[in-house]
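Below is one structure; the comments refer to it alone.
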Amino acid sequence: MTVTLSTPTGSALSSTTPDASARSAPAAAAAANLTIRKVTAHIGAEISGLDLAQPLGSETVAAIRAALNEHKALVFTGVDLDDEGQQRFARQFGELTTAHPTVPAVEGAPNVLPVDSEQGVANHWHTDVTFVLNPPQVSTLRSIVVPPYGGETLIANAAAAYRDLPEPLRAFADTLWAVHTNDYDYAVPQESLDEEARQRREVFTSIKYQTAHPVVRVHPLTGERGLFIGGFAQRIVGLSVSESRKILDLLQAYVTRPENILRWRWSPNQLVLFDNRITQHYAVDNYDGLPRRLNRVTVAGDIPFGIEGKPSYSIKGDASHYSPVAEVAAVGPAA
Ligand SMILES: O=C(O)CCC(=O)C(=O)O
Ligand SMILES: [Fe+2]
């Protein structure tokens, strides 16, 4: 399918990627024989009727994409995939990134990042890898070892958060840009880390990145606006660190409203696909350090743009070894 639509600045874009699902989610799902069950009003749906180990076909991929555009996070259960299979599944949504800009991949699976409770817990709100110029467009997480209790992943709808803002705050947010970095004063201070955690942080920040992104990002497939902040957003362009913190906290409070969150309690052999352009997530640390293991595979993203069509810009750090730049597939109706 070739789609030609216009950007907010009016320039025409055209693409032949399978991204551009023009149909509504229910129509596309019916055509592809998928069952979609919403989990909450604002975010999350379970999809059944699919064997993810098989090649999906363009109609099914388009139906999943349409469902993702609408629900932001999709859960597939009874998934029989290994690392290779997870990479193959994710590749149907676009070219993959390598595992991470600085953290090593699973041995033999260059696109798979291990998410292992023994190597730290992502119990902070974030959007994946926003410190680079073109963060992944979607992330997949596959459950391998699940603790007997706890260990949920929270995923928040950043578009719902934007819509929830009172009008004056929304208009203010529309004007802001934020600097995202992987090198900042994390919640746990350096001096309280044990040796292993200190080494992990050293690896994480072995290349230092800084990128400026619009605080309000326009989703390239739907035209929907979402707050694009999260834990790596550390400063508002033009403001001091302390001024920035207050504004980021104020906006972030809308992202983390309980109504905007899917709280997914894992069972083994599940896969969650979420739209990393318009969500944030958080790994809840509530399982007493018991073993927990997920594998993550991410799909290369496009360069974000704000409501005036201006693209993000890199300040520091080259991530070309990590991710190709995805072309913007299409721009939907302005939100
Ligand atoms: O462990 C989780 O539930 C999420 C992990 C995570 O945020 C990540 O790998 O990016
Ligand atoms: Fe993450």
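Each chain in the structure tokens gets a letter, A, B and so on, in the order shown; residues start at 1 in every chain, and ligands are counted from 1 in the order they appear.
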
Handout entry: Neighbour list for Asp288 (chain A) as an MDAnalysis selection string, cut-off 10 Å, only C-alpha atoms, skip fewer than 2 positions in-chain
Key = chainID A and resid 147 149:151 285:286 290:291

Take the residues that were just selected and, keeping N, CA and C atoms, output them as a CSV table (one decimal), in the first residue's frame.
```csv
chain,number,residue,atom,x,y,z
A,147,PRO,N,7.5,-13.8,38.4
A,147,PRO,CA,7.5,-14.1,39.9
A,147,PRO,C,6.1,-14.6,40.3
A,149,TYR,N,4.2,-13.5,42.6
A,149,TYR,CA,3.3,-12.4,42.8
A,149,TYR,C,4.1,-11.1,42.4
A,150,GLY,N,3.3,-10.1,42.1
A,150,GLY,CA,3.9,-8.8,41.7
A,150,GLY,C,4.6,-8.9,40.3
A,151,GLY,N,5.5,-7.9,40.1
A,151,GLY,CA,6.2,-7.9,38.9
A,151,GLY,C,5.4,-7.3,37.7
A,285,ASP,N,8.4,-2.8,41.2
A,285,ASP,CA,9.4,-3.6,42.0
A,285,ASP,C,8.7,-4.1,43.3
A,286,ASN,N,7.9,-5.1,43.2
A,286,ASN,CA,7.0,-5.6,44.3
A,286,ASN,C,7.0,-7.1,44.4
A,290,LEU,N,12.5,-11.9,43.7
A,290,LEU,CA,12.4,-13.2,43.1
A,290,LEU,C,12.7,-13.1,41.6
A,291,PRO,N,13.1,-14.3,41.0
A,291,PRO,CA,13.5,-14.2,39.6
A,291,PRO,C,12.4,-13.7,38.7
```

Problem - Residue contacts of region 62-66 of chain A (10 Å, only C-alpha atoms) excluding same-chain residues fewer than 5 positions away, as a ChimeraX atom specification - result: /A:18-34,36,47,56-57,71-72,74,92-93,221-222,273,275

Within-6 Å residues of ligand 1, basis only C-alpha atoms and all ligand atoms, as a compact mmCIF listing (two decimals) with N, CA and C atoms, in the first residue's frame:
```
# COMPACT_ATOMS: atom_id res chain seq x y z
N VAL A 115 15.83 -8.41 30.06
CA VAL A 115 15.28 -7.59 31.16
C VAL A 115 15.19 -8.56 32.34
N ALA A 122 13.49 -1.59 36.20
CA ALA A 122 13.14 -0.28 35.61
C ALA A 122 11.93 0.30 36.33
N ASP A 128 11.01 4.20 26.15
CA ASP A 128 12.30 3.58 25.87
C ASP A 128 13.21 4.45 25.01
N THR A 153 3.89 -4.80 34.82
CA THR A 153 4.37 -3.65 34.05
C THR A 153 3.21 -2.67 33.92
N TYR A 282 6.56 1.46 33.33
CA TYR A 282 7.19 1.40 34.66
C TYR A 282 7.13 -0.07 35.11
N ALA A 283 8.25 -0.62 35.54
CA ALA A 283 8.30 -2.00 36.03
C ALA A 283 8.16 -1.97 37.56
N ARG A 296 13.27 -8.11 25.61
CA ARG A 296 12.73 -6.94 24.90
C ARG A 296 13.31 -6.85 23.49
```

Handout entry: Counting only C-alpha atoms and all ligand atoms, the residue of A:Ala53, A:Ala161, A:Ala173, A:Ala156 that sits nearest ligand 2
Key =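 Selected residue with least distance to ligand 2: A:Ala156.
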
Counting only C-alpha atoms and all ligand atoms, what are the residues of chain A within 12 Å of ligand 2, and for each of them which pair of atoms is the nearest and at what distance in Å, to one decimal? Sort the table by chain and rising number, as a Markdown table.
```
| residue | atom | partner | partner_atom_place_in_ligand_line | distance |
| --- | --- | --- | --- | --- |
| A:Ala99 | CA | ligand 2 | 1 (Fe) | 11.9 |
| A:His100 | CA | ligand 2 | 1 (Fe) | 10.8 |
| A:Leu113 | CA | ligand 2 | 1 (Fe) | 10.4 |
| A:Pro114 | CA | ligand 2 | 1 (Fe) | 11.3 |
| A:Val115 | CA | ligand 2 | 1 (Fe) | 9.0 |
| A:Gly120 | CA | ligand 2 | 1 (Fe) | 11.9 |
| A:Val121 | CA | ligand 2 | 1 (Fe) | 9.7 |
| A:Ala122 | CA | ligand 2 | 1 (Fe) | 6.6 |
| A:Asn123 | CA | ligand 2 | 1 (Fe) | 9.2 |
| A:His124 | CA | ligand 2 | 1 (Fe) | 8.9 |
| A:Trp125 | CA | ligand 2 | 1 (Fe) | 8.3 |
| A:His126 | CA | ligand 2 | 1 (Fe) | 6.3 |
| A:Thr127 | CA | ligand 2 | 1 (Fe) | 6.1 |
| A:Asp128 | CA | ligand 2 | 1 (Fe) | 4.7 |
| A:Val129 | CA | ligand 2 | 1 (Fe) | 7.7 |
| A:Thr130 | CA | ligand 2 | 1 (Fe) | 10.1 |
| A:Pro135 | CA | ligand 2 | 1 (Fe) | 11.4 |
| A:Pro136 | CA | ligand 2 | 1 (Fe) | 10.6 |
| A:Val138 | CA | ligand 2 | 1 (Fe) | 10.8 |
| A:Ser139 | CA | ligand 2 | 1 (Fe) | 8.2 |
| A:Thr140 | CA | ligand 2 | 1 (Fe) | 9.8 |
| A:Leu141 | CA | ligand 2 | 1 (Fe) | 9.1 |
| A:Thr153 | CA | ligand 2 | 1 (Fe) | 9.5 |
| A:Leu154 | CA | ligand 2 | 1 (Fe) | 10.3 |
| A:Ile155 | CA | ligand 2 | 1 (Fe) | 9.7 |
| A:Ala156 | CA | ligand 2 | 1 (Fe) | 11.9 |
| A:Gly230 | CA | ligand 2 | 1 (Fe) | 10.4 |
| A:Gly231 | CA | ligand 2 | 1 (Fe) | 10.2 |
| A:Phe232 | CA | ligand 2 | 1 (Fe) | 11.0 |
| A:Val272 | CA | ligand 2 | 1 (Fe) | 11.9 |
| A:Leu273 | CA | ligand 2 | 1 (Fe) | 11.8 |
| A:Phe274 | CA | ligand 2 | 1 (Fe) | 10.3 |
| A:Asp275 | CA | ligand 2 | 1 (Fe) | 11.5 |
| A:Asn276 | CA | ligand 2 | 1 (Fe) | 9.0 |
| A:Thr279 | CA | ligand 2 | 1 (Fe) | 10.4 |
| A:Gln280 | CA | ligand 2 | 1 (Fe) | 8.0 |
| A:His281 | CA | ligand 2 | 1 (Fe) | 6.2 |
| A:Tyr282 | CA | ligand 2 | 1 (Fe) | 7.0 |
| A:Ala283 | CA | ligand 2 | 1 (Fe) | 7.9 |
| A:Val284 | CA | ligand 2 | 1 (Fe) | 11.6 |
| A:Leu294 | CA | ligand 2 | 1 (Fe) | 11.1 |
| A:Asn295 | CA | ligand 2 | 1 (Fe) | 11.0 |
| A:Arg296 | CA | ligand 2 | 1 (Fe) | 8.6 |
| A:Val297 | CA | ligand 2 | 1 (Fe) | 10.6 |
| A:Thr298 | CA | ligand 2 | 1 (Fe) | 10.1 |
```

Practice task
Pick out each residue of region 15-245 of chain A that DSSP on the backbone tags as alpha helix (DSSP H); I need them as a PyMOL selection string.
Solution key: chain A and resi 25-32+58-71+83-91+158-164+167-174+195-204+241-245

Save the residues we just selected, C-alpha atoms, as a PDB file, in the first residue's frame?
```pdb
ATOM      1  CA  ALA A  25      -9.268  -0.971  14.260  1.00  0.00           C
ATOM      2  CA  PRO A  26     -12.575  -2.910  14.368  1.00  0.00           C
ATOM      3  CA  ALA A  27     -12.881  -3.060  10.575  1.00  0.00           C
ATOM      4  CA  ALA A  28      -9.277  -4.163  10.163  1.00  0.00           C
ATOM      5  CA  ALA A  29      -9.644  -6.728  12.959  1.00  0.00           C
ATOM      6  CA  ALA A  30     -12.767  -8.205  11.408  1.00  0.00           C
ATOM      7  CA  ALA A  31     -11.049  -8.455   8.045  1.00  0.00           C
ATOM      8  CA  ALA A  32      -8.072 -10.230   9.597  1.00  0.00           C
ATOM      9  CA  SER A  58       0.017  -7.761   5.507  1.00  0.00           C
ATOM     10  CA  GLU A  59      -3.688  -7.638   6.364  1.00  0.00           C
ATOM     11  CA  THR A  60      -3.075  -8.996   9.855  1.00  0.00           C
ATOM     12  CA  VAL A  61      -0.086  -6.719  10.422  1.00  0.00           C
ATOM     13  CA  ALA A  62      -2.247  -3.756   9.362  1.00  0.00           C
ATOM     14  CA  ALA A  63      -5.002  -4.877  11.763  1.00  0.00           C
ATOM     15  CA  ILE A  64      -2.542  -5.141  14.639  1.00  0.00           C
ATOM     16  CA  ARG A  65      -1.153  -1.719  13.756  1.00  0.00           C
ATOM     17  CA  ALA A  66      -4.653  -0.231  13.710  1.00  0.00           C
ATOM     18  CA  ALA A  67      -5.363  -1.801  17.107  1.00  0.00           C
ATOM     19  CA  LEU A  68      -2.068  -0.449  18.433  1.00  0.00           C
ATOM     20  CA  ASN A  69      -2.909   3.039  17.186  1.00  0.00           C
ATOM     21  CA  GLU A  70      -6.162   2.856  19.092  1.00  0.00           C
ATOM     22  CA  HIS A  71      -5.249   0.953  22.284  1.00  0.00           C
ATOM     23  CA  ASP A  83      14.289 -15.103  20.806  1.00  0.00           C
ATOM     24  CA  GLU A  84      14.457 -15.674  17.075  1.00  0.00           C
ATOM     25  CA  GLY A  85      10.664 -15.795  16.890  1.00  0.00           C
ATOM     26  CA  GLN A  86      10.289 -12.580  18.880  1.00  0.00           C
ATOM     27  CA  GLN A  87      12.712 -10.834  16.522  1.00  0.00           C
ATOM     28  CA  ARG A  88      10.800 -12.199  13.510  1.00  0.00           C
ATOM     29  CA  PHE A  89       7.465 -11.061  14.958  1.00  0.00           C
ATOM     30  CA  ALA A  90       8.725  -7.546  15.714  1.00  0.00           C
ATOM     31  CA  ARG A  91      10.394  -7.198  12.307  1.00  0.00           C
ATOM     32  CA  ALA A 158       0.438   9.768  26.984  1.00  0.00           C
ATOM     33  CA  ALA A 159      -2.209  10.919  24.483  1.00  0.00           C
ATOM     34  CA  ALA A 160      -4.951  10.567  27.092  1.00  0.00           C
ATOM     35  CA  ALA A 161      -2.690  12.522  29.447  1.00  0.00           C
ATOM     36  CA  TYR A 162      -2.399  15.325  26.897  1.00  0.00           C
ATOM     37  CA  ARG A 163      -6.165  15.406  26.405  1.00  0.00           C
ATOM     38  CA  ASP A 164      -6.652  15.563  30.175  1.00  0.00           C
ATOM     39  CA  GLU A 167      -6.583  24.063  28.075  1.00  0.00           C
ATOM     40  CA  PRO A 168      -4.087  26.697  29.341  1.00  0.00           C
ATOM     41  CA  LEU A 169      -1.653  23.964  30.361  1.00  0.00           C
ATOM     42  CA  ARG A 170      -2.103  22.191  27.046  1.00  0.00           C
ATOM     43  CA  ALA A 171      -1.353  25.414  25.172  1.00  0.00           C
ATOM     44  CA  PHE A 172       1.731  25.928  27.350  1.00  0.00           C
ATOM     45  CA  ALA A 173       2.951  22.345  26.828  1.00  0.00           C
ATOM     46  CA  ASP A 174       2.561  22.794  23.065  1.00  0.00           C
ATOM     47  CA  GLU A 195      29.705  -2.492  42.833  1.00  0.00           C
ATOM     48  CA  GLU A 196      27.612  -4.400  40.266  1.00  0.00           C
ATOM     49  CA  ALA A 197      25.009  -1.656  40.021  1.00  0.00           C
ATOM     50  CA  ARG A 198      27.767   0.934  39.678  1.00  0.00           C
ATOM     51  CA  GLN A 199      29.258  -1.051  36.789  1.00  0.00           C
ATOM     52  CA  ARG A 200      25.858  -1.390  35.117  1.00  0.00           C
ATOM     53  CA  ARG A 201      25.363   2.356  35.306  1.00  0.00           C
ATOM     54  CA  GLU A 202      28.814   2.875  33.849  1.00  0.00           C
ATOM     55  CA  VAL A 203      27.923   0.669  30.877  1.00  0.00           C
ATOM     56  CA  PHE A 204      24.543   2.405  30.498  1.00  0.00           C
ATOM     57  CA  VAL A 241      16.943  22.564  36.051  1.00  0.00           C
ATOM     58  CA  SER A 242      14.791  23.462  39.037  1.00  0.00           C
ATOM     59  CA  GLU A 243      12.179  25.286  36.937  1.00  0.00           C
ATOM     60  CA  SER A 244      12.186  22.384  34.513  1.00  0.00           C
ATOM     61  CA  ARG A 245      11.603  19.851  37.274  1.00  0.00           C
TER      62      ARG A 245
END
```

Problem - Distance criterion (only C-alpha atoms): nearest to Gln119 (chain A) out of A:Gly238, A:Arg293, A:Pro268, A:Leu250 - result: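 Checking each candidate against Gln119 (chain A), we get A:Arg293 as the closest.
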
Problem - Nearest to Thr211 (chain A), chosen from A:Glu308, A:Asp183, A:Glu259, A:Glu107, with only C-alpha atoms counted in the distances - result: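 Smallest distance to Thr211 (chain A) is found for A:Asp183.
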
Exercise for the section: Go through A:Asn157, A:Gln54, A:Ser192, A:Ser206 and flag the residue nearest Asn260 (chain A), using only C-alpha atoms for the distances. Expected result: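 That would be A:Asn157, the residue with the smallest distance to Asn260 (chain A).
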
Practice task
Report the distance between CA of Trp266 (chain A) and CA of Leu81 (chain A) in Å, rounded to one decimal place.
Solution key: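 Taking CA of Trp266 (chain A) as the start and CA of Leu81 (chain A) as the end point, the length is 15.7 Å.
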
Completion exercise
Using only C-alpha atoms, the residue out of A:Arg142, A:Arg277, A:Lys310, A:Arg263 with shortest distance to Trp177 (chain A) is A:Lys310

Practice task
List every residue of region 133-307 of chain A that DSSP, applied to the backbone of this structure, assigns to strand (DSSP E), and report them as a ChimeraX atom specification.
Solution key: /A:138-145,153-157,177-181,210-214,216-218,225-227,233-236,261-264,271-275,279-283,293-299

Handout entry: Separation of CA of Asn269 (chain A) from CA of Val79 (chain A), in Å and rounded to one decimal
Key =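 A separation of 4.9 Å between them.
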
Practice task
Between A:Ile229, A:Leu50, A:Ala73, A:Val146, single out the one closest to Ser267 (chain A), counting only C-alpha atoms.
Solution key: A:Val146

Exercise for the section: Name all residues at most 7 Å from Phe228 (chain A) (count only C-alpha atoms; drop same-chain ones fewer than 3 positions away) and give them as a list in words. Expected result: Pro214, Val215, Val216, Arg217 and Ile278 of chain A
